[in-house]
>>> print(open('entry.cif').read())   # mmCIF, C-alpha atoms and all ligand atoms
data_my_file
loop_
_atom_site.group_PDB
_atom_site.id
_atom_site.type_symbol
_atom_site.label_atom_id
_atom_site.label_comp_id
_atom_site.auth_asym_id
_atom_site.auth_seq_id
_atom_site.Cartn_x
_atom_site.Cartn_y
_atom_site.Cartn_z
ATOM 1 C CA MET A 19 105.255 3.919 255.076
ATOM 2 C CA ARG A 20 103.353 6.605 256.980
ATOM 3 C CA SER A 21 105.742 7.393 259.857
ATOM 4 C CA LEU A 22 109.473 6.942 260.526
ATOM 5 C CA ILE A 23 110.142 5.491 263.971
ATOM 6 C CA ASN A 24 113.065 3.124 263.320
ATOM 7 C CA ILE A 25 115.567 3.380 260.451
ATOM 8 C CA LEU A 26 114.534 -0.162 259.435
ATOM 9 C CA ASP A 27 111.078 1.231 258.576
ATOM 10 C CA LEU A 28 112.910 2.310 255.410
ATOM 11 C CA SER A 29 114.067 -0.315 252.917
ATOM 12 C CA THR A 30 117.484 0.068 251.276
ATOM 13 C CA GLN A 31 115.576 1.122 248.156
ATOM 14 C CA ASP A 32 113.741 3.849 250.157
ATOM 15 C CA ILE A 33 117.126 5.069 251.399
ATOM 16 C CA GLU A 34 118.517 5.161 247.845
ATOM 17 C CA GLU A 35 115.486 7.193 246.750
ATOM 18 C CA LEU A 36 115.904 9.649 249.653
ATOM 19 C CA ILE A 37 119.581 10.072 248.766
ATOM 20 C CA THR A 38 118.667 10.711 245.126
ATOM 21 C CA VAL A 39 116.131 13.368 246.149
ATOM 22 C CA ALA A 40 118.556 14.949 248.671
ATOM 23 C CA ASN A 41 121.277 15.146 246.020
ATOM 24 C CA ASP A 42 118.791 16.714 243.600
ATOM 25 C CA ILE A 43 117.780 19.279 246.257
ATOM 26 C CA ILE A 44 121.473 20.143 246.716
ATOM 27 C CA ALA A 45 121.891 20.566 242.934
ATOM 28 C CA ASN A 46 118.542 22.249 242.199
ATOM 29 C CA PRO A 47 117.161 23.902 245.356
ATOM 30 C CA GLU A 48 114.806 26.190 243.388
ATOM 31 C CA LYS A 49 112.779 23.153 242.183
ATOM 32 C CA TYR A 50 111.712 22.465 245.759
ATOM 33 C CA ARG A 51 110.917 25.961 247.086
ATOM 34 C CA GLU A 52 107.123 25.625 246.820
ATOM 35 C CA LYS A 53 106.717 21.856 247.296
ATOM 36 C CA CYS A 54 105.195 22.130 250.775
ATOM 37 C CA ARG A 55 103.323 25.399 250.411
ATOM 38 C CA TYR A 56 100.397 25.523 252.900
ATOM 39 C CA LYS A 57 101.778 22.468 254.776
ATOM 40 C CA LYS A 58 102.733 22.668 258.463
ATOM 41 C CA LEU A 59 105.397 20.768 260.385
ATOM 42 C CA ALA A 60 104.974 20.492 264.184
ATOM 43 C CA THR A 61 108.242 20.061 266.107
ATOM 44 C CA LEU A 62 107.420 18.539 269.510
ATOM 45 C CA PHE A 63 110.713 18.500 271.416
ATOM 46 C CA TYR A 64 110.574 17.250 275.010
ATOM 47 C CA GLU A 65 114.423 17.206 275.155
ATOM 48 C CA PRO A 66 117.065 19.779 274.169
ATOM 49 C CA SER A 67 118.265 19.936 270.572
ATOM 50 C CA THR A 68 120.094 22.306 268.262
ATOM 51 C CA ARG A 69 120.694 20.409 265.010
ATOM 52 C CA THR A 70 117.686 18.143 264.762
ATOM 53 C CA ARG A 71 115.006 20.686 265.621
ATOM 54 C CA LEU A 72 116.513 23.567 263.657
ATOM 55 C CA SER A 73 117.303 21.398 260.622
ATOM 56 C CA PHE A 74 113.728 20.083 260.565
ATOM 57 C CA GLU A 75 112.416 23.638 260.793
ATOM 58 C CA SER A 76 114.855 24.890 258.193
ATOM 59 C CA ALA A 77 113.952 21.925 255.938
ATOM 60 C CA MET A 78 110.226 22.730 256.063
ATOM 61 C CA LEU A 79 110.806 26.457 255.511
ATOM 62 C CA GLU A 80 113.028 25.730 252.481
ATOM 63 C CA LEU A 81 110.196 23.588 251.079
ATOM 64 C CA GLY A 82 107.849 26.574 251.347
ATOM 65 C CA GLY A 83 105.941 25.254 254.366
ATOM 66 C CA SER A 84 105.490 26.562 257.913
ATOM 67 C CA VAL A 85 106.467 25.368 261.361
ATOM 68 C CA ILE A 86 104.725 25.270 264.738
ATOM 69 C CA GLY A 87 105.747 23.515 267.939
ATOM 70 C CA PHE A 88 107.546 23.634 271.273
ATOM 71 C CA SER A 89 111.187 23.149 272.225
ATOM 72 C CA GLU A 90 110.777 22.034 275.835
ATOM 73 C CA ALA A 91 108.214 19.909 277.634
ATOM 74 C CA ASN A 92 107.550 22.640 280.207
ATOM 75 C CA SER A 93 106.108 24.989 277.625
ATOM 76 C CA SER A 94 103.514 22.388 276.550
ATOM 77 C CA SER A 95 100.561 20.833 278.366
ATOM 78 C CA SER A 96 102.675 17.780 279.165
ATOM 79 C CA ALA A 97 103.712 19.899 282.177
ATOM 80 C CA LYS A 98 100.059 19.576 283.276
ATOM 81 C CA GLY A 99 100.141 15.809 282.794
ATOM 82 C CA GLU A 100 98.872 15.436 279.229
ATOM 83 C CA SER A 101 99.845 12.111 277.645
ATOM 84 C CA VAL A 102 101.878 11.735 274.445
ATOM 85 C CA ALA A 103 98.839 10.024 272.861
ATOM 86 C CA ASP A 104 96.540 12.986 273.578
ATOM 87 C CA THR A 105 99.186 15.455 272.433
ATOM 88 C CA ALA A 106 99.547 13.540 269.141
ATOM 89 C CA LYS A 107 95.757 13.551 268.574
ATOM 90 C CA THR A 108 95.628 17.275 269.341
ATOM 91 C CA VAL A 109 98.533 18.263 267.106
ATOM 92 C CA SER A 110 96.996 16.216 264.260
ATOM 93 C CA CYS A 111 94.246 18.897 264.199
ATOM 94 C CA TYR A 112 96.790 21.663 263.586
ATOM 95 C CA ALA A 113 99.651 20.268 261.453
ATOM 96 C CA ASP A 114 100.359 17.931 258.518
ATOM 97 C CA ILE A 115 103.420 16.142 259.959
ATOM 98 C CA ILE A 116 105.106 15.810 263.370
ATOM 99 C CA ALA A 117 108.792 15.531 264.339
ATOM 100 C CA MET A 118 109.054 14.387 267.973
ATOM 101 C CA ARG A 119 112.005 14.052 270.339
ATOM 102 C CA HIS A 120 111.320 12.512 273.742
ATOM 103 C CA PRO A 121 113.471 11.187 276.611
ATOM 104 C CA LYS A 122 111.334 8.042 276.880
ATOM 105 C CA GLU A 123 112.060 5.153 274.512
ATOM 106 C CA GLY A 124 108.966 4.391 272.449
ATOM 107 C CA ALA A 125 107.226 7.768 272.900
ATOM 108 C CA PRO A 126 107.303 8.643 269.153
ATOM 109 C CA LEU A 127 105.901 5.165 268.387
ATOM 110 C CA VAL A 128 102.982 5.849 270.759
ATOM 111 C CA ALA A 129 102.508 9.221 269.064
ATOM 112 C CA SER A 130 102.431 7.547 265.621
ATOM 113 C CA GLN A 131 99.777 5.088 266.831
ATOM 114 C CA ASN A 132 97.525 7.943 267.940
ATOM 115 C CA ALA A 133 98.189 10.665 265.378
ATOM 116 C CA SER A 134 96.260 10.909 262.126
ATOM 117 C CA ILE A 135 99.330 12.455 260.419
ATOM 118 C CA PRO A 136 102.887 11.092 259.869
ATOM 119 C CA VAL A 137 105.204 11.109 262.890
ATOM 120 C CA ILE A 138 109.009 11.221 262.641
ATOM 121 C CA ASN A 139 111.126 10.010 265.541
ATOM 122 C CA ALA A 140 113.644 12.804 266.183
ATOM 123 C CA GLY A 141 115.362 10.775 268.955
ATOM 124 C CA ASP A 142 113.808 8.671 271.723
ATOM 125 C CA GLY A 143 115.875 8.223 274.875
ATOM 126 C CA GLY A 144 118.853 5.911 274.371
ATOM 127 C CA HIS A 145 116.975 3.988 271.684
ATOM 128 C CA ASN A 146 116.939 5.340 268.098
ATOM 129 C CA HIS A 147 117.609 8.464 266.056
ATOM 130 C CA PRO A 148 116.682 7.538 262.477
ATOM 131 C CA THR A 149 116.961 10.990 260.911
ATOM 132 C CA GLN A 150 120.512 11.402 262.248
ATOM 133 C CA THR A 151 121.156 8.090 260.502
ATOM 134 C CA LEU A 152 119.807 9.550 257.261
ATOM 135 C CA ALA A 153 122.302 12.421 257.657
ATOM 136 C CA ASP A 154 125.059 9.889 258.386
ATOM 137 C CA LEU A 155 124.133 7.763 255.366
ATOM 138 C CA LEU A 156 124.202 10.704 252.950
ATOM 139 C CA THR A 157 127.606 11.659 254.379
ATOM 140 C CA ILE A 158 128.975 8.124 253.917
ATOM 141 C CA TYR A 159 127.480 7.920 250.423
ATOM 142 C CA ARG A 160 129.024 11.225 249.332
ATOM 143 C CA GLU A 161 132.397 10.504 250.964
ATOM 144 C CA LYS A 162 132.720 6.839 249.982
ATOM 145 C CA GLY A 163 130.490 6.529 246.915
ATOM 146 C CA GLY A 164 128.369 3.754 248.470
ATOM 147 C CA PHE A 165 127.919 1.563 251.517
ATOM 148 C CA ASP A 166 129.496 -1.811 250.686
ATOM 149 C CA ASN A 167 132.851 -3.162 251.943
ATOM 150 C CA LEU A 168 133.420 -0.564 254.657
ATOM 151 C CA THR A 169 135.006 -1.043 258.082
ATOM 152 C CA LEU A 170 133.227 1.183 260.592
ATOM 153 C CA GLY A 171 134.629 2.015 264.028
ATOM 154 C CA PHE A 172 132.191 3.301 266.649
ATOM 155 C CA CYS A 173 133.948 4.977 269.566
ATOM 156 C CA GLY A 174 132.726 6.277 272.930
ATOM 157 C CA ASP A 175 129.340 5.788 274.542
ATOM 158 C CA LEU A 176 127.969 2.817 272.614
ATOM 159 C CA LYS A 177 125.518 1.966 275.382
ATOM 160 C CA PHE A 178 123.398 5.113 275.387
ATOM 161 C CA GLY A 179 124.384 6.500 271.957
ATOM 162 C CA ARG A 180 121.133 6.183 270.021
ATOM 163 C CA THR A 181 122.762 7.420 266.801
ATOM 164 C CA VAL A 182 125.167 4.461 266.998
ATOM 165 C CA HIS A 183 122.296 2.002 267.437
ATOM 166 C CA SER A 184 120.442 3.360 264.407
ATOM 167 C CA LEU A 185 123.511 3.561 262.149
ATOM 168 C CA ILE A 186 124.617 0.006 262.965
ATOM 169 C CA SER A 187 121.096 -1.214 262.076
ATOM 170 C CA ALA A 188 121.135 0.703 258.806
ATOM 171 C CA MET A 189 124.625 -0.452 257.768
ATOM 172 C CA SER A 190 123.929 -4.097 258.653
ATOM 173 C CA ARG A 191 122.013 -4.436 255.361
ATOM 174 C CA TYR A 192 125.003 -3.748 253.111
ATOM 175 C CA LYS A 193 127.656 -6.193 251.818
ATOM 176 C CA GLY A 194 131.139 -6.647 253.256
ATOM 177 C CA ILE A 195 130.564 -4.488 256.347
ATOM 178 C CA LYS A 196 132.875 -4.925 259.358
ATOM 179 C CA VAL A 197 132.324 -3.225 262.717
ATOM 180 C CA VAL A 198 134.848 -2.292 265.408
ATOM 181 C CA LEU A 199 133.306 -1.340 268.758
ATOM 182 C CA ILE A 200 135.589 0.916 270.821
ATOM 183 C CA SER A 201 134.331 1.787 274.301
ATOM 184 C CA PRO A 202 135.012 1.525 278.011
ATOM 185 C CA GLU A 203 133.688 -1.693 279.566
ATOM 186 C CA GLU A 204 130.730 0.154 281.155
ATOM 187 C CA LEU A 205 129.611 1.734 277.865
ATOM 188 C CA LYS A 206 129.649 -1.286 275.556
ATOM 189 C CA LEU A 207 127.049 -1.744 272.828
ATOM 190 C CA PRO A 208 123.892 -3.323 274.353
ATOM 191 C CA SER A 209 123.750 -7.117 273.962
ATOM 192 C CA TYR A 210 120.407 -6.983 272.167
ATOM 193 C CA ILE A 211 121.964 -5.006 269.286
ATOM 194 C CA LYS A 212 124.897 -7.415 269.035
ATOM 195 C CA LYS A 213 122.486 -10.348 268.951
ATOM 196 C CA ASP A 214 119.587 -8.952 266.891
ATOM 197 C CA VAL A 215 121.598 -6.875 264.430
ATOM 198 C CA LEU A 216 125.276 -7.864 264.181
ATOM 199 C CA LYS A 217 125.075 -11.612 264.786
ATOM 200 C CA LYS A 218 121.761 -11.998 262.977
ATOM 201 C CA ASN A 219 123.200 -10.392 259.836
ATOM 202 C CA ASN A 220 126.572 -12.183 260.122
ATOM 203 C CA ILE A 221 128.447 -8.885 260.461
ATOM 204 C CA PRO A 222 131.981 -9.548 261.738
ATOM 205 C CA TYR A 223 132.682 -7.354 264.783
ATOM 206 C CA THR A 224 135.391 -6.870 267.383
ATOM 207 C CA GLN A 225 135.302 -5.063 270.731
ATOM 208 C CA THR A 226 138.234 -3.123 272.163
ATOM 209 C CA THR A 227 138.952 -0.355 274.653
ATOM 210 C CA SER A 228 141.827 1.030 272.515
ATOM 211 C CA LEU A 229 141.172 3.578 269.760
ATOM 212 C CA GLU A 230 144.908 3.661 268.942
ATOM 213 C CA ASN A 231 144.978 -0.082 268.213
ATOM 214 C CA ALA A 232 141.856 0.042 266.042
ATOM 215 C CA ILE A 233 142.296 3.184 263.974
ATOM 216 C CA ALA A 234 144.528 1.859 261.159
ATOM 217 C CA ASP A 235 141.832 -0.504 259.821
ATOM 218 C CA LEU A 236 138.967 1.981 259.714
ATOM 219 C CA ASP A 237 137.243 3.572 256.707
ATOM 220 C CA ILE A 238 134.811 5.421 258.981
ATOM 221 C CA LEU A 239 135.486 6.551 262.547
ATOM 222 C CA TYR A 240 132.206 7.474 264.264
ATOM 223 C CA MET A 241 133.035 9.327 267.487
ATOM 224 C CA THR A 242 130.343 9.892 270.118
ATOM 225 C CA ARG A 243 129.790 11.979 273.234
ATOM 226 C CA VAL A 244 129.350 10.281 276.586
ATOM 227 C CA GLN A 245 125.629 10.881 277.203
ATOM 228 C CA ARG A 246 125.568 12.665 280.563
ATOM 229 C CA GLU A 247 121.750 12.918 280.562
ATOM 230 C CA ARG A 248 121.343 9.107 280.568
ATOM 231 C CA PHE A 249 123.668 8.403 283.557
ATOM 232 C CA PHE A 250 122.225 7.530 286.934
ATOM 233 C CA ASN A 251 125.081 9.147 288.834
ATOM 234 C CA GLU A 252 127.392 12.063 288.126
ATOM 235 C CA GLU A 253 130.449 10.280 289.540
ATOM 236 C CA ASP A 254 130.327 7.624 286.800
ATOM 237 C CA TYR A 255 129.849 10.281 284.136
ATOM 238 C CA LEU A 256 132.865 12.276 285.365
ATOM 239 C CA ARG A 257 135.016 9.129 285.435
ATOM 240 C CA LEU A 258 134.069 8.110 281.866
ATOM 241 C CA LYS A 259 133.462 11.380 280.032
ATOM 242 C CA ASP A 260 136.992 11.828 278.649
ATOM 243 C CA SER A 261 137.689 8.179 277.870
ATOM 244 C CA TYR A 262 138.483 9.068 274.245
ATOM 245 C CA ILE A 263 139.795 12.361 272.920
ATOM 246 C CA LEU A 264 140.691 12.363 269.223
ATOM 247 C CA GLU A 265 143.724 14.585 268.680
ATOM 248 C CA PRO A 266 145.911 14.962 265.555
ATOM 249 C CA GLY A 267 148.617 12.609 266.916
ATOM 250 C CA LYS A 268 146.091 9.787 267.180
ATOM 251 C CA LEU A 269 145.511 9.917 263.416
ATOM 252 C CA ARG A 270 149.132 8.973 262.703
ATOM 253 C CA ASN A 271 148.239 5.460 261.574
ATOM 254 C CA ALA A 272 144.819 6.295 260.107
ATOM 255 C CA LYS A 273 143.977 5.843 256.422
ATOM 256 C CA PRO A 274 144.414 8.973 254.273
ATOM 257 C CA ASP A 275 140.766 8.697 253.227
ATOM 258 C CA LEU A 276 139.323 7.947 256.684
ATOM 259 C CA ALA A 277 135.992 9.743 257.228
ATOM 260 C CA ILE A 278 135.791 11.142 260.776
ATOM 261 C CA MET A 279 132.153 11.464 261.790
ATOM 262 C CA HIS A 280 130.315 12.602 264.924
ATOM 263 C CA PRO A 281 126.579 13.283 265.288
ATOM 264 C CA LEU A 282 127.409 16.333 267.494
ATOM 265 C CA PRO A 283 127.193 18.022 269.925
ATOM 266 C CA ARG A 284 130.779 17.273 270.883
ATOM 267 C CA VAL A 285 132.218 17.991 274.301
ATOM 268 C CA ASN A 286 135.911 16.963 274.456
ATOM 269 C CA GLU A 287 135.960 13.847 272.322
ATOM 270 C CA ILE A 288 137.259 15.531 269.140
ATOM 271 C CA SER A 289 139.885 18.224 269.537
ATOM 272 C CA VAL A 290 139.111 21.404 267.536
ATOM 273 C CA ALA A 291 142.547 20.908 265.927
ATOM 274 C CA ILE A 292 140.951 18.055 263.923
ATOM 275 C CA ASP A 293 138.358 20.398 262.366
ATOM 276 C CA SER A 294 140.743 21.572 259.650
ATOM 277 C CA ASP A 295 141.756 18.006 258.730
ATOM 278 C CA PRO A 296 140.159 17.160 255.337
ATOM 279 C CA ARG A 297 138.990 13.865 256.871
ATOM 280 C CA ALA A 298 136.703 15.671 259.354
ATOM 281 C CA CYS A 299 133.109 15.213 258.147
ATOM 282 C CA TYR A 300 131.006 16.194 261.167
ATOM 283 C CA PHE A 301 129.898 19.606 259.918
ATOM 284 C CA LYS A 302 129.039 18.049 256.557
ATOM 285 C CA GLN A 303 126.758 15.683 258.498
ATOM 286 C CA VAL A 304 125.010 18.740 259.991
ATOM 287 C CA LEU A 305 124.319 20.193 256.548
ATOM 288 C CA TYR A 306 123.360 16.897 254.915
ATOM 289 C CA GLY A 307 120.894 16.312 257.762
ATOM 290 C CA LYS A 308 118.805 19.206 256.489
ATOM 291 C CA TYR A 309 118.678 17.845 252.939
ATOM 292 C CA MET A 310 117.761 14.330 254.041
ATOM 293 C CA ARG A 311 115.022 15.726 256.308
ATOM 294 C CA MET A 312 113.703 17.717 253.330
ATOM 295 C CA ALA A 313 113.649 14.506 251.259
ATOM 296 C CA LEU A 314 111.929 12.627 254.109
ATOM 297 C CA ILE A 315 109.242 15.283 254.606
ATOM 298 C CA LEU A 316 108.503 15.174 250.856
ATOM 299 C CA LYS A 317 108.245 11.379 250.952
ATOM 300 C CA LEU A 318 105.972 11.217 254.001
ATOM 301 C CA LEU A 319 103.697 13.947 252.653
ATOM 302 C CA GLY A 320 103.500 12.211 249.266
ATOM 303 C CA GLU A 321 105.146 15.169 247.525
ATOM 304 C CA ALA A 322 108.359 13.421 246.413
ATOM 305 C CA GLU A 323 107.086 12.088 243.113
ATOM 306 C CA LYS A 324 104.898 15.068 242.119
HETATM 307 N N1 LIG B 1 122.795 15.161 266.455
HETATM 308 C C1 LIG B 1 121.807 15.648 267.191
HETATM 309 O O1 LIG B 1 120.789 14.982 267.456
HETATM 310 O O2 LIG B 1 122.018 16.924 267.665
HETATM 311 P P1 LIG B 1 120.984 17.760 268.531
HETATM 312 O O3 LIG B 1 120.858 17.047 269.873
HETATM 313 O O4 LIG B 1 121.569 19.133 268.661
HETATM 314 O O5 LIG B 1 119.659 17.743 267.833
#
>>> encode(input="entry.cif", output="structure tokens")
Amino acid sequence: MRSLINILDLSTQDIEELITVANDIIANPEKYREKCRYKKLATLFYEPSTRTRLSFESAMLELGGSVIGFSEANSSSSAKGESVADTAKTVSCYADIIAMRHPKEGAPLVASQNASIPVINAGDGGHNHPTQTLADLLTIYREKGGFDNLTLGFCGDLKFGRTVHSLISAMSRYKGIKVVLISPEELKLPSYIKKDVLKKNNIPYTQTTSLENAIADLDILYMTRVQRERFFNEEDYLRLKDSYILEPGKLRNAKPDLAIMHPLPRVNEISVAIDSDPRACYFKQVLYGKYMRMALILKLLGEAEK
């Protein structure tokens, strides 16, 4: 594998290996401090980001490498009309690996087809976000000890939530998985994911609008933000944005070992009163994202096994 565009570019064995490396980085960070010396990561972010861009940059710096890039399209020559393909060819002359976020679905794939260096999809429109999924998988692994026999509830904007799409794809390969889809009617999981991922892999799933009715069965509750930037009109966003707000009272019937996850940023969908609940895992996801991105950079640069 040269680039990571979709989480399914990684086999379950690849994911196990990345988790092993990430756990080793957590235990022995000094072993990795020089692994990417003289290597450069280019972060090409055409959309806003806090966690993904800064964790990629932090990951490369902690591996002893350097970082170049831009954090908004307007500060690059795309503002003058340069194509993603030409940008990818250009950046290949300056860096060893690219992490790209773009509002258009498929843009990182186009970049990977034109770059001469590995390209990592750091989020493309409402499509995929495979490195968030790597963060999510390490979190699930460390909280639950594995991936089999889990009931996962996805709550909120399942239509535009690219992290949901990628995590459902990743989890569909494990045994005994059940999925509960909790969303307003207008923000249901796209039909193509139900057909191509859930039905194709015989994953039992239910759809509901009620978080309260679903919560008791869940091992993982994956909350999401309603994605304002993907709506065509503000009125719809305002009507739907607070459809689900997780507050302590709503956890009354939840399992004592429920893992509450969220890719962040959050707006109102998880009350800050939940942050001190031992079941809240969303800031662990933030931290684990850095370690999984370190492991991924090592793999794509061929440094993992050295
Ligand atoms: N989870 C995530 O993608 O966060 P950012 O948008 O801040 O990168």
>>> resolve_selection(input="entry.cif", expression="the PyMOL selection byres (((chain A and resi 162-164) around 10) and not hetatm)", output="PyMOL selection string")
chain A and resi 34+155-161+165-168+192+237-238+275-277
>>> closest_residue(input="entry.cif", among="A:Asn220, A:Asn271, A:Thr68, A:Ser21", to="ligand LIG 1 (chain B)", atoms="all atoms listed in the file")
A:Thr68
>>> closest_atom_pairs(input="entry.cif", of="range 242-261 of chain A", to="range 279-302 of chain A", cutoff="8 Å", atoms="all atoms listed in the file", output="JSON lines")
{"residue": "A:Thr242", "atom": "CA", "partner": "A:His280", "partner_atom": "CA", "distance": 5.9}
{"residue": "A:Arg243", "atom": "CA", "partner": "A:Arg284", "partner_atom": "CA", "distance": 5.9}
{"residue": "A:Asp260", "atom": "CA", "partner": "A:Asn286", "partner_atom": "CA", "distance": 6.7}
>>> resolve_selection(input="entry.cif", expression="the PyMOL selection byres (((not hetatm)) within 12 of (chain B and resi 1))", output="PyMOL selection string")
chain A and resi 61+63-75+89+117-121+139-144+146-154+179-182+241-243+245+247+279-284+300-301+303-308
>>> closest_residue(input="entry.cif", among="A:Lys49, A:Arg55, A:Lys206, A:Arg20", to="Lys317 in chain A", atoms="only C-alpha atoms")
A:Arg20
>>> residues_around(input="entry.cif", residues="Tyr112 in chain A", least_positions_apart="4", cutoff="10 Å", atoms="only C-alpha atoms", output="short mmCIF file (atom, residue, chain, number, x, y, z; two decimals) with C-alpha atoms, in the coordinates of the input")
data_model
loop_
_atom_site.label_atom_id
_atom_site.label_comp_id
_atom_site.auth_asym_id
_atom_site.auth_seq_id
_atom_site.Cartn_x
_atom_site.Cartn_y
_atom_site.Cartn_z
CA LYS A 58 102.73 22.67 258.46
CA LEU A 59 105.40 20.77 260.38
CA ALA A 60 104.97 20.49 264.18
CA ILE A 86 104.72 25.27 264.74
CA LYS A 107 95.76 13.55 268.57
CA THR A 108 95.63 17.27 269.34
#
>>> residues_near_point(input="entry.cif", point="(104.3, 8.6, 274.0)", cutoff="7 Å", atoms="all atoms listed in the file", output="VMD selection string")
chain A and resid 101 to 103 124 to 129
>>> write_last_selection(input="entry.cif", atoms="C-alpha atoms", output="mmCIF file, in the coordinates of the input")
data_model
loop_
_atom_site.group_PDB
_atom_site.id
_atom_site.type_symbol
_atom_site.label_atom_id
_atom_site.label_comp_id
_atom_site.auth_asym_id
_atom_site.auth_seq_id
_atom_site.Cartn_x
_atom_site.Cartn_y
_atom_site.Cartn_z
ATOM 1 C CA SER A 101 99.845 12.111 277.645
ATOM 2 C CA VAL A 102 101.878 11.735 274.445
ATOM 3 C CA ALA A 103 98.839 10.024 272.861
ATOM 4 C CA GLY A 124 108.966 4.391 272.449
ATOM 5 C CA ALA A 125 107.226 7.768 272.900
ATOM 6 C CA PRO A 126 107.303 8.643 269.153
ATOM 7 C CA LEU A 127 105.901 5.165 268.387
ATOM 8 C CA VAL A 128 102.982 5.849 270.759
ATOM 9 C CA ALA A 129 102.508 9.221 269.064
#
>>> closest_residue(input="entry.cif", among="A:Gln131, A:Ser190, A:Asn41, A:Ser261", to="Pro222 in chain A", atoms="all atoms listed in the file")
A:Ser190
>>> atom_distance(input="entry.cif", atom1="CA of Ala188 in chain A", atom2="CA of Ile115 in chain A")
23.5 Å
>>> atom_distance(input="entry.cif", atom1="CA of Ile37 in chain A", atom2="CA of Met310 in chain A")
7.0 Å
>>> closest_residue(input="entry.cif", among="A:Asn24, A:Ser134, A:Leu81, A:Asn231", to="Pro47 in chain A", atoms="all atoms listed in the file")
A:Leu81
>>> atom_distance(input="entry.cif", atom1="CA of Ser228 in chain A", atom2="CA of Leu170 in chain A")
14.7 Å
>>> closest_residue(input="entry.cif", among="A:Tyr262, A:Tyr309, A:Phe178, A:Tyr210", to="Phe249 in chain A", atoms="all atoms listed in the file")
A:Phe178
>>> closest_residue(input="entry.cif", among="A:Met19, A:Pro136, A:Ser187, A:Gly83", to="Lys213 in chain A", atoms="only C-alpha atoms")
A:Ser187
>>> resolve_selection(input="entry.cif", expression="the PyMOL selection byres (((chain A and resi 54) around 12) and not hetatm)", output="PyMOL selection string")
chain A and resi 49-53+55-59+77-85+114-115+312-313+315-322+324
>>> residues_around(input="entry.cif", residues="Arg246 in chain A", least_positions_apart="6", cutoff="9 Å", atoms="all atoms listed in the file", output="list in words")
Glu252, Tyr255, Leu256 and Lys259 of chain A
>>> build_atoms(input="entry.cif", residues="range 285-295 of chain A", atoms="N, CA, C and O atoms", output="PDB file, in the frame of the given file")
ATOM      1  N   VAL A 285     131.754  17.329 273.070  1.00  0.00           N
ATOM      2  CA  VAL A 285     132.218  17.991 274.301  1.00  0.00           C
ATOM      3  C   VAL A 285     133.749  18.035 274.171  1.00  0.00           C
ATOM      4  O   VAL A 285     134.278  18.999 273.623  1.00  0.00           O
ATOM      5  N   ASN A 286     134.444  16.966 274.605  1.00  0.00           N
ATOM      6  CA  ASN A 286     135.911  16.963 274.456  1.00  0.00           C
ATOM      7  C   ASN A 286     136.398  15.901 273.490  1.00  0.00           C
ATOM      8  O   ASN A 286     137.594  15.795 273.257  1.00  0.00           O
ATOM      9  N   GLU A 287     135.491  15.080 272.963  1.00  0.00           N
ATOM     10  CA  GLU A 287     135.960  13.847 272.322  1.00  0.00           C
ATOM     11  C   GLU A 287     136.625  14.042 270.955  1.00  0.00           C
ATOM     12  O   GLU A 287     137.291  13.126 270.478  1.00  0.00           O
ATOM     13  N   ILE A 288     136.451  15.215 270.340  1.00  0.00           N
ATOM     14  CA  ILE A 288     137.259  15.531 269.140  1.00  0.00           C
ATOM     15  C   ILE A 288     137.877  16.909 269.372  1.00  0.00           C
ATOM     16  O   ILE A 288     137.150  17.906 269.548  1.00  0.00           O
ATOM     17  N   SER A 289     139.192  16.949 269.358  1.00  0.00           N
ATOM     18  CA  SER A 289     139.885  18.224 269.537  1.00  0.00           C
ATOM     19  C   SER A 289     139.541  19.161 268.367  1.00  0.00           C
ATOM     20  O   SER A 289     139.439  18.699 267.220  1.00  0.00           O
ATOM     21  N   VAL A 290     139.427  20.458 268.629  1.00  0.00           N
ATOM     22  CA  VAL A 290     139.111  21.404 267.536  1.00  0.00           C
ATOM     23  C   VAL A 290     140.242  21.428 266.496  1.00  0.00           C
ATOM     24  O   VAL A 290     140.027  21.838 265.347  1.00  0.00           O
ATOM     25  N   ALA A 291     141.429  20.962 266.890  1.00  0.00           N
ATOM     26  CA  ALA A 291     142.547  20.908 265.927  1.00  0.00           C
ATOM     27  C   ALA A 291     142.257  19.931 264.788  1.00  0.00           C
ATOM     28  O   ALA A 291     142.859  20.017 263.715  1.00  0.00           O
ATOM     29  N   ILE A 292     141.309  19.013 264.997  1.00  0.00           N
ATOM     30  CA  ILE A 292     140.951  18.055 263.923  1.00  0.00           C
ATOM     31  C   ILE A 292     140.046  18.725 262.880  1.00  0.00           C
ATOM     32  O   ILE A 292     139.953  18.266 261.746  1.00  0.00           O
ATOM     33  N   ASP A 293     139.382  19.817 263.256  1.00  0.00           N
ATOM     34  CA  ASP A 293     138.358  20.398 262.366  1.00  0.00           C
ATOM     35  C   ASP A 293     138.921  20.769 260.982  1.00  0.00           C
ATOM     36  O   ASP A 293     138.194  20.720 259.989  1.00  0.00           O
ATOM     37  N   SER A 294     140.184  21.154 260.941  1.00  0.00           N
ATOM     38  CA  SER A 294     140.743  21.572 259.650  1.00  0.00           C
ATOM     39  C   SER A 294     141.332  20.397 258.867  1.00  0.00           C
ATOM     40  O   SER A 294     141.798  20.566 257.737  1.00  0.00           O
ATOM     41  N   ASP A 295     141.292  19.208 259.450  1.00  0.00           N
ATOM     42  CA  ASP A 295     141.756  18.006 258.730  1.00  0.00           C
ATOM     43  C   ASP A 295     140.719  17.671 257.649  1.00  0.00           C
ATOM     44  O   ASP A 295     139.522  17.631 257.937  1.00  0.00           O
TER      45      ASP A 295
END
